[in-house]
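Have a look at query.csv below; it lists CSV, C-alpha atoms (C1' of nucleotides).
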chain,number,residue,atom,x,y,z
A,449,MET,CA,6.7,28.3,7.9
A,450,SER,CA,4.7,26.5,10.5
A,451,ALA,CA,6.3,25.8,14.0
A,452,LEU,CA,6.0,22.1,13.1
A,453,HIS,CA,8.5,22.3,10.3
A,454,ASP,CA,11.9,22.6,11.9
A,455,PRO,CA,11.4,20.0,14.7
A,456,VAL,CA,10.0,17.4,12.3
A,457,LEU,CA,12.7,18.0,9.7
A,458,ALA,CA,15.4,17.8,12.4
A,459,TRP,CA,13.8,14.7,13.8
A,460,TYR,CA,13.9,13.1,10.4
A,461,ASP,CA,17.6,13.9,10.0
A,462,ASP,CA,18.3,11.9,13.1
A,463,HIS,CA,15.8,9.1,12.9
A,464,ALA,CA,15.1,8.3,9.3
A,465,ARG,CA,15.4,4.6,8.3
A,466,GLU,CA,17.9,3.9,5.6
A,467,LEU,CA,15.7,2.3,2.9
A,468,PRO,CA,16.9,1.2,-0.5
A,469,TRP,CA,14.4,3.4,-2.3
A,470,ARG,CA,15.7,6.4,-0.5
A,471,GLY,CA,19.0,8.1,-1.0
A,472,VAL,CA,20.6,9.6,-4.0
A,473,GLN,CA,21.5,6.5,-5.8
A,474,ALA,CA,17.9,5.1,-6.0
A,475,SER,CA,16.4,5.3,-9.4
A,476,ALA,CA,12.9,6.6,-10.1
A,477,TRP,CA,11.9,3.1,-11.0
A,478,SER,CA,13.1,1.8,-7.6
A,479,VAL,CA,10.9,4.4,-6.0
A,480,MET,CA,8.0,3.5,-8.2
A,481,VAL,CA,8.3,-0.2,-7.4
A,482,SER,CA,8.5,0.5,-3.7
A,483,GLU,CA,5.4,2.7,-3.8
A,484,PHE,CA,3.4,-0.1,-5.5
A,485,MET,CA,4.6,-2.7,-3.0
A,486,LEU,CA,4.0,-0.4,0.0
A,487,GLN,CA,0.4,0.1,-0.8
A,488,GLN,CA,-1.2,-1.5,2.3
A,489,THR,CA,1.9,-3.5,3.0
A,490,PRO,CA,4.5,-3.0,5.8
A,491,VAL,CA,8.0,-2.0,5.0
A,492,ALA,CA,9.5,-5.1,6.5
A,493,ARG,CA,7.8,-7.4,4.1
A,494,VAL,CA,8.5,-5.2,1.1
A,495,LEU,CA,12.3,-5.0,1.6
A,496,PRO,CA,13.3,-8.5,0.4
A,497,VAL,CA,10.9,-8.5,-2.6
A,498,HIS,CA,11.9,-5.1,-3.7
A,499,GLU,CA,15.5,-6.1,-3.8
A,500,GLN,CA,14.7,-9.1,-5.8
A,501,TRP,CA,12.6,-7.1,-8.3
A,502,LEU,CA,15.3,-4.4,-8.8
A,503,THR,CA,17.9,-7.0,-9.3
A,504,ARG,CA,15.9,-8.9,-11.8
A,505,TRP,CA,14.2,-5.9,-13.5
A,506,PRO,CA,16.4,-2.9,-13.0
A,507,THR,CA,14.4,-0.8,-15.5
A,508,PRO,CA,10.7,-0.6,-16.6
A,509,ALA,CA,11.7,-2.1,-19.9
A,510,ASP,CA,13.1,-5.1,-18.2
A,511,LEU,CA,9.8,-5.8,-16.5
A,512,ALA,CA,7.8,-5.0,-19.6
A,513,ALA,CA,9.7,-7.6,-21.5
A,514,GLU,CA,8.5,-10.3,-19.2
A,515,SER,CA,5.0,-11.9,-19.1
A,516,SER,CA,2.7,-10.5,-16.5
A,517,GLY,CA,2.6,-13.9,-14.9
A,518,GLU,CA,6.2,-13.6,-14.0
A,519,ALA,CA,5.4,-10.4,-12.2
A,520,VAL,CA,2.6,-12.1,-10.3
A,521,ARG,CA,4.9,-15.0,-9.4
A,522,ALA,CA,7.7,-12.7,-8.2
A,523,TRP,CA,5.2,-10.7,-6.2
A,524,GLY,CA,5.2,-13.7,-3.8
A,525,ARG,CA,3.1,-13.3,-0.7
A,526,LEU,CA,3.0,-9.5,-0.6
A,527,GLY,CA,-0.8,-9.6,-1.0
A,528,TYR,CA,-3.1,-7.8,-3.4
A,529,PRO,CA,-1.5,-9.5,-6.4
A,530,ARG,CA,-3.4,-7.2,-8.8
A,531,ARG,CA,-0.8,-4.7,-7.9
A,532,ALA,CA,1.8,-6.9,-9.7
A,533,LEU,CA,-0.4,-6.9,-12.8
A,534,ARG,CA,-0.8,-3.1,-12.6
A,535,LEU,CA,2.9,-2.5,-12.1
A,536,HIS,CA,3.6,-4.7,-15.1
A,537,ALA,CA,1.0,-2.8,-17.1
A,538,ALA,CA,2.5,0.5,-15.9
A,539,ALA,CA,6.0,-0.5,-17.0
A,540,THR,CA,4.6,-1.5,-20.4
A,541,ALA,CA,2.9,1.9,-20.7
A,542,ILE,CA,6.1,3.7,-19.6
A,543,VAL,CA,8.0,1.9,-22.4
A,544,ALA,CA,5.3,2.6,-25.0
A,545,GLU,CA,4.5,6.2,-24.0
A,546,HIS,CA,7.4,7.7,-22.0
A,547,GLY,CA,10.5,6.3,-23.7
A,548,GLY,CA,11.1,3.9,-20.9
A,549,GLU,CA,11.5,6.6,-18.3
A,550,VAL,CA,9.3,7.0,-15.2
A,551,PRO,CA,7.4,10.2,-15.8
A,552,ALA,CA,8.0,13.1,-13.5
A,553,SER,CA,4.7,14.9,-13.8
A,554,TYR,CA,1.8,14.1,-11.5
A,555,ASP,CA,-0.7,13.9,-14.4
A,556,ASP,CA,1.4,11.5,-16.4
A,557,LEU,CA,1.9,9.3,-13.4
A,558,ARG,CA,-1.7,9.4,-12.3
A,559,ALA,CA,-2.7,8.1,-15.8
A,560,LEU,CA,-0.8,4.9,-15.3
A,561,PRO,CA,-2.5,1.8,-14.0
A,562,GLY,CA,-2.3,1.2,-10.3
A,563,ILE,CA,-1.4,4.8,-9.6
A,564,GLY,CA,-3.9,6.9,-7.6
A,565,ASP,CA,-3.5,10.3,-6.0
A,566,TYR,CA,-1.2,9.2,-3.3
A,567,THR,CA,1.2,7.2,-5.4
A,568,ALA,CA,1.4,9.8,-8.2
A,569,ALA,CA,2.2,12.5,-5.6
A,570,ALA,CA,4.7,10.2,-3.9
A,571,ILE,CA,6.6,9.3,-7.1
A,572,ALA,CA,6.6,12.9,-8.3
A,573,THR,CA,8.0,14.0,-5.0
A,574,PHE,CA,10.3,11.3,-3.9
A,575,ALA,CA,11.7,10.3,-7.3
A,576,HIS,CA,11.7,13.6,-9.0
A,577,GLY,CA,11.7,16.3,-6.3
A,578,ARG,CA,8.4,17.8,-7.4
A,579,ARG,CA,6.2,19.7,-4.9
A,580,HIS,CA,2.9,17.9,-4.2
A,581,VAL,CA,0.7,17.2,-1.2
A,582,VAL,CA,1.5,13.7,-0.2
A,583,LEU,CA,-1.4,12.3,1.8
A,584,ASP,CA,-1.0,8.8,3.0
A,585,THR,CA,-2.4,7.1,6.1
A,586,ASN,CA,0.6,8.2,8.2
A,587,VAL,CA,0.5,11.8,7.1
A,588,ARG,CA,-3.3,11.9,7.7
A,589,ARG,CA,-3.0,10.6,11.2
A,590,VAL,CA,-0.2,13.0,12.1
A,591,PHE,CA,-2.2,16.0,10.9
A,592,ALA,CA,-5.4,14.7,12.5
A,593,ARG,CA,-3.6,14.6,15.9
A,594,ALA,CA,-1.1,17.5,15.7
A,595,VAL,CA,-3.4,20.0,13.9
A,596,SER,CA,-7.0,18.9,14.3
A,597,GLY,CA,-6.8,17.4,17.8
A,598,VAL,CA,-8.5,14.1,17.0
A,599,GLU,CA,-7.1,10.6,17.3
A,600,PHE,CA,-7.9,9.4,13.8
A,601,PRO,CA,-8.7,11.0,10.4
A,602,ALA,CA,-12.0,10.4,8.6
A,603,ALA,CA,-12.5,7.3,6.5
A,604,SER,CA,-11.7,9.1,3.3
A,605,VAL,CA,-9.7,12.3,2.6
A,606,THR,CA,-11.7,15.4,3.2
A,607,ARG,CA,-11.4,18.8,1.6
A,608,ALA,CA,-10.4,20.3,5.0
A,609,GLU,CA,-7.7,17.7,5.4
A,610,ARG,CA,-6.2,18.5,2.0
A,611,ASP,CA,-6.3,22.2,2.8
A,612,VAL,CA,-4.4,21.7,6.0
A,613,ALA,CA,-1.8,19.6,4.2
A,614,GLN,CA,-1.5,22.2,1.4
A,615,ASP,CA,-1.1,25.0,3.8
A,616,LEU,CA,1.7,23.2,5.6
A,617,LEU,CA,3.6,22.2,2.5
A,618,PRO,CA,6.8,24.2,2.4
A,619,GLU,CA,7.2,26.5,-0.6
A,620,ASP,CA,10.4,25.3,-2.2
A,621,GLU,CA,10.6,21.9,-3.8
A,622,PRO,CA,13.5,20.3,-1.9
A,623,THR,CA,12.0,21.3,1.5
A,624,ALA,CA,8.6,20.2,0.5
A,625,ALA,CA,9.9,16.8,-0.4
A,626,SER,CA,11.8,16.5,2.8
A,627,TRP,CA,8.8,17.6,4.8
A,628,SER,CA,6.5,15.0,3.2
A,629,VAL,CA,8.8,12.1,3.8
A,630,ALA,CA,9.6,13.3,7.3
A,631,VAL,CA,5.9,13.5,8.3
A,632,MET,CA,5.3,10.1,6.8
A,633,GLU,CA,8.2,8.7,8.8
A,634,LEU,CA,7.0,10.3,12.0
A,635,GLY,CA,3.6,8.7,11.5
A,636,ALA,CA,5.2,5.3,10.8
A,637,LEU,CA,7.6,5.3,13.7
A,638,VAL,CA,6.3,7.6,16.4
A,639,CYS,CA,2.7,8.8,15.8
A,640,THR,CA,1.5,5.3,15.3
A,641,ALA,CA,-2.2,4.2,15.1
A,642,ALA,CA,-2.0,2.2,18.3
A,643,ASN,CA,0.2,3.2,21.3
A,644,PRO,CA,1.8,6.4,19.9
A,645,ARG,CA,5.2,7.2,21.4
A,646,CYS,CA,4.4,10.7,22.3
A,647,GLY,CA,7.5,10.8,24.6
A,648,ASP,CA,9.7,10.5,21.5
A,649,CYS,CA,7.7,13.0,19.4
A,650,PRO,CA,9.5,16.2,18.3
A,651,VAL,CA,6.2,18.1,18.2
A,652,ALA,CA,4.5,16.7,21.3
A,653,GLY,CA,4.5,20.2,22.8
A,654,LEU,CA,2.6,21.5,19.7
A,655,CYS,CA,0.2,18.6,19.4
A,656,ALA,CA,-3.5,19.6,19.5
A,657,TRP,CA,-4.6,16.0,20.4
A,658,ARG,CA,-2.2,15.8,23.3
A,659,ALA,CA,-3.1,19.2,24.5
A,660,ALA,CA,-6.7,18.2,24.6
A,661,GLY,CA,-5.9,15.2,26.7
A,662,LYS,CA,-5.8,12.6,23.9
A,663,PRO,CA,-9.6,12.3,23.6
A,664,ALA,CA,-10.6,8.8,22.3
A,665,TYR,CA,-11.8,8.4,18.8
A,666,ASP,CA,-15.6,9.0,18.6
A,667,GLY,CA,-16.3,8.9,14.9
A,668,PRO,CA,-18.2,6.2,13.0
A,669,PRO,CA,-16.8,2.7,13.5
A,670,ARG,CA,-13.7,2.1,11.5
A,671,LYS,CA,-14.1,-0.7,9.0
A,672,VAL,CA,-12.7,-4.1,10.0
A,673,GLN,CA,-11.8,-6.5,7.3
A,674,THR,CA,-13.4,-9.8,7.4
A,675,TRP,CA,-11.3,-12.7,6.3
A,676,ALA,CA,-12.1,-16.3,7.2
A,677,GLY,CA,-14.2,-17.9,4.5
A,678,THR,CA,-14.2,-14.9,2.3
A,679,ASP,CA,-13.6,-14.8,-1.4
A,680,ARG,CA,-10.4,-13.0,-0.7
A,681,GLN,CA,-9.1,-16.0,1.2
A,682,CYS,CA,-10.3,-18.4,-1.4
A,683,ARG,CA,-8.7,-16.4,-4.2
A,684,GLY,CA,-5.4,-16.3,-2.2
A,685,ARG,CA,-5.4,-20.0,-1.8
A,686,LEU,CA,-6.1,-20.6,-5.5
A,687,LEU,CA,-3.5,-18.2,-6.7
A,688,ALA,CA,-0.9,-19.6,-4.3
A,689,VAL,CA,-1.2,-23.0,-6.0
A,690,LEU,CA,-0.3,-21.5,-9.3
A,691,ARG,CA,2.5,-19.4,-7.8
A,692,ASP,CA,4.1,-22.4,-6.2
A,693,ALA,CA,3.7,-24.6,-9.3
A,694,GLU,CA,6.2,-24.8,-12.2
A,695,GLY,CA,3.9,-24.3,-15.1
A,696,SER,CA,0.2,-25.0,-15.5
A,697,VAL,CA,-1.8,-27.1,-13.1
A,698,PRO,CA,-4.9,-29.3,-13.7
A,699,ARG,CA,-8.2,-28.2,-12.4
A,700,ALA,CA,-8.1,-31.0,-9.8
A,701,ARG,CA,-5.2,-29.3,-8.1
A,702,LEU,CA,-7.3,-26.2,-7.6
A,703,ASP,CA,-10.3,-28.1,-6.5
A,704,ALA,CA,-8.2,-29.6,-3.8
A,705,ALA,CA,-7.3,-26.2,-2.5
A,706,TRP,CA,-10.7,-25.0,-1.4
A,707,ALA,CA,-13.7,-27.2,-0.3
A,708,ASP,CA,-16.7,-25.0,-1.1
A,709,GLU,CA,-17.3,-25.7,-4.8
A,710,ALA,CA,-19.6,-22.8,-5.5
A,711,GLN,CA,-17.3,-20.4,-3.9
A,712,ARG,CA,-14.2,-21.9,-5.6
A,713,THR,CA,-15.9,-21.7,-9.0
A,714,ARG,CA,-16.9,-18.1,-8.4
A,715,CYS,CA,-13.3,-17.2,-7.3
A,716,LEU,CA,-11.7,-19.0,-10.2
A,717,ALA,CA,-13.9,-17.0,-12.6
A,718,SER,CA,-13.0,-13.7,-10.9
A,719,LEU,CA,-9.3,-14.5,-11.0
A,720,LEU,CA,-9.7,-15.3,-14.7
A,721,ALA,CA,-11.6,-12.0,-15.2
A,722,ASP,CA,-8.9,-10.1,-13.3
A,723,GLY,CA,-6.2,-11.5,-15.6
A,724,LEU,CA,-4.5,-13.2,-12.7
A,725,LEU,CA,-5.0,-16.6,-14.2
A,726,VAL,CA,-5.5,-18.0,-17.7
A,727,ARG,CA,-6.9,-21.3,-19.0
A,728,THR,CA,-4.6,-23.3,-21.2
A,729,ASP,CA,-5.6,-25.1,-24.3
A,730,ALA,CA,-5.5,-28.4,-22.4
A,731,GLY,CA,-8.0,-27.1,-19.9
A,732,SER,CA,-5.6,-26.6,-17.1
A,733,TYR,CA,-4.7,-23.2,-15.4
A,734,ALA,CA,-1.6,-21.1,-15.4
A,735,LEU,CA,-0.3,-17.7,-14.5
A,736,PRO,CA,-0.8,-15.2,-17.4
B,1152,DA,C1',-19.3,5.9,-2.4
B,1153,DA,C1',-19.1,1.9,0.2
B,1154,DG,C1',-17.0,-2.4,-0.5
B,1155,DA,C1',-13.7,-5.6,-2.6
B,1156,DC,C1',-9.2,-6.7,-2.8
B,1157,DG,C1',-4.1,-10.5,0.4
B,1158,DT,C1',-1.1,-11.3,3.9
B,1159,DG,C1',1.2,-11.7,8.2
B,1160,DG,C1',3.1,-9.3,12.3
B,1161,DG,C1',1.9,-6.9,16.6
B,1162,DT,C1',-0.6,-6.7,20.9
C,992,DT,C1',-7.2,-15.7,21.2
C,993,DA,C1',-9.0,-12.3,18.3
C,994,DC,C1',-8.7,-8.1,16.5
C,995,DC,C1',-6.1,-4.4,14.6
C,996,DC,C1',-3.9,-2.6,10.7
C,997,DA,C1',0.0,-1.7,7.1
C,998,DA,C1',3.3,4.2,2.1
C,999,DG,C1',-4.2,2.6,-1.7
C,1000,DT,C1',-6.7,1.7,-6.0
C,1001,DC,C1',-10.6,0.7,-8.5
C,1002,DT,C1',-15.4,0.2,-9.4

Translate the structure described by the file into structure tokens.
Amino acid sequence: MSALHDPVLAWYDDHARELPWRGVQASAWSVMVSEFMLQQTPVARVLPVHEQWLTRWPTPADLAAESSGEAVRAWGRLGYPRRALRLHAAATAIVAEHGGEVPASYDDLRALPGIGDYTAAAIATFAHGRRHVVLDTNVRRVFARAVSGVEFPAASVTRAERDVAQDLLPEDEPTAASWSVAVMELGALVCTAANPRCGDCPVAGLCAWRAAGKPAYDGPPRKVQTWAGTDRQCRGRLLAVLRDAEGSVPRARLDAAWADEAQRTRCLASLLADGLLVRTDAGSYALP
DNA sequence: AAGACGTGGGT
DNA sequence: TACCCAAGTCT
């Protein structure tokens, strides 16, 4: 046991948010839907959409019975709509290959579309109580500071980082699961990227970064997402037209949504290629 | 393996 | 106002 364990676990007992995908009554499917939605998206924006999804599609089979376009539409403005497509595809695979039950094994989860290392570990852990290293951006930041003494982790997960997390993972399954969610929560609420609330941190006295005087980040420049005028913005505009329409829309409606013709045409093609849009027989466009 | 991929709230 | 960045995945 590390000296970090008890204070972090105790802190979580007192400060954990009550979220619908936590708690004993939450289904594995509820956890899985939440993990997809939470990929790069804040909790506050996920909450209402998650509730709508679970009400409308309480099981993987319910979602799989719908068209993928309905999933994209119901995804709303969560962003990265390919996640909706992948979640729909994952639900379909769960019905076809797993009897409609969300798999409990990391390997089975990892094989599903849209599920990478983090999400597989998270679902196995939070939905099924399995013991896995759960390394998300929050956990990585907490360990970078508390253990490694630096403000931010590297751009991608390193072997050393994984070793630290593995060494810190409690031996028994229930405690390992509690530990993982507790460290994540600590990173989300206290050990935040900007303006960490060290005064509220249960392990401030053990934190290597704080002990070193909180040295400023000195690694390579962290990537900043460009946005205005990008294909991403264009794609978002085009898809929003379809999301907000009843059925199919004529090409002219899409043309009106983005001025640059070359870029618009390119983005339309990429949306088609991604399966986020389809062309109808009449030559108009619709959600799949 | 660096870059693409949405969106909106916080500072 | 800009810029930061939020429970990643895929190619």

Between CA of Thr640 (chain A) and CA of Val587 (chain A), what is the distance, to one decimal in Å?
->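 CA of Val587 (chain A) lies 10.5 Å from CA of Thr640 (chain A).
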
Please identify every residue of chain C that has at least one atom no farther than 8 Å from an atom of chain A, counting only C-alpha atoms (C1' of nucleotides), and for each give the shortest atom pair and the distance in Å to one decimal, arranged by chain then increasing number, as a tab-separated table.
residue	atom	partner	partner_atom	distance
C:DA997	C1'	A:Pro490	CA	4.9
C:DA998	C1'	A:Leu486	CA	5.1
C:DG999	C1'	A:Gln487	CA	5.3
C:DT1000	C1'	A:Gly564	CA	6.1

Output C-alpha atoms (C1' of nucleotides) for every residue in that selection, as a compact mmCIF listing (two decimals), in the frame of the given file.
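What landed in out-v1.txt:
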# COMPACT_ATOMS: atom_id res chain seq x y z
C1' DA C 997 0.00 -1.70 7.10
C1' DA C 998 3.30 4.20 2.10
C1' DG C 999 -4.20 2.60 -1.70
C1' DT C 1000 -6.70 1.70 -6.00

I'd like a table as CSV: residues in chain A with an atom no more than 9 Å from chain B, each row giving the shortest atom pair and its distance in Å to one decimal, only C-alpha atoms (C1' of nucleotides) counted, sorted by chain and rising residue number.
residue,atom,partner,partner_atom,distance
A:Thr489,CA,B:DT1158,C1',8.4
A:Arg493,CA,B:DG1159,C1',8.9
A:Arg525,CA,B:DT1158,C1',6.5
A:Leu526,CA,B:DT1158,C1',6.3
A:Gly527,CA,B:DG1157,C1',3.7
A:Tyr528,CA,B:DG1157,C1',4.8
A:Pro529,CA,B:DG1157,C1',7.3
A:Arg530,CA,B:DC1156,C1',8.4
A:Arg680,CA,B:DC1156,C1',6.7
A:Gln681,CA,B:DG1157,C1',7.5
A:Arg683,CA,B:DG1157,C1',8.8
A:Gly684,CA,B:DG1157,C1',6.5

Atoms to include: C-alpha atoms. Write the selected residues as a CSV table (one decimal), in the frame of the given file.
chain,number,residue,atom,x,y,z
A,489,THR,CA,1.9,-3.5,3.0
A,493,ARG,CA,7.8,-7.4,4.1
A,525,ARG,CA,3.1,-13.3,-0.7
A,526,LEU,CA,3.0,-9.5,-0.6
A,527,GLY,CA,-0.8,-9.6,-1.0
A,528,TYR,CA,-3.1,-7.8,-3.4
A,529,PRO,CA,-1.5,-9.5,-6.4
A,530,ARG,CA,-3.4,-7.2,-8.8
A,680,ARG,CA,-10.4,-13.0,-0.7
A,681,GLN,CA,-9.1,-16.0,1.2
A,683,ARG,CA,-8.7,-16.4,-4.2
A,684,GLY,CA,-5.4,-16.3,-2.2

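From CA of Arg588 (chain A) back to CA of Ala613 (chain A), the distance works out to 8.6 Å.
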
Got a sec: who's within 10 Å of Arg701 (chain A), counting all atoms listed in the file, leaving out chain neighbours fewer than 3 positions off, as a PyMOL selection string?
-> chain A and resi 686+689-690+697-698+704-706+732-733

Which distance in Å separates CA of Arg579 (chain A) and CA of Leu637 (chain A), to one decimal?
->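 So the two atoms, CA of Arg579 (chain A) and CA of Leu637 (chain A), lie 23.6 Å apart.
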
So which residues touch Pro468 (chain A) within 10 Å, counting only C-alpha atoms (C1' of nucleotides), skipping near sequence neighbours fewer than 2 positions away, as a ChimeraX atom specification?
-> /A:465-466,470-475,478-479,482,495,498-499
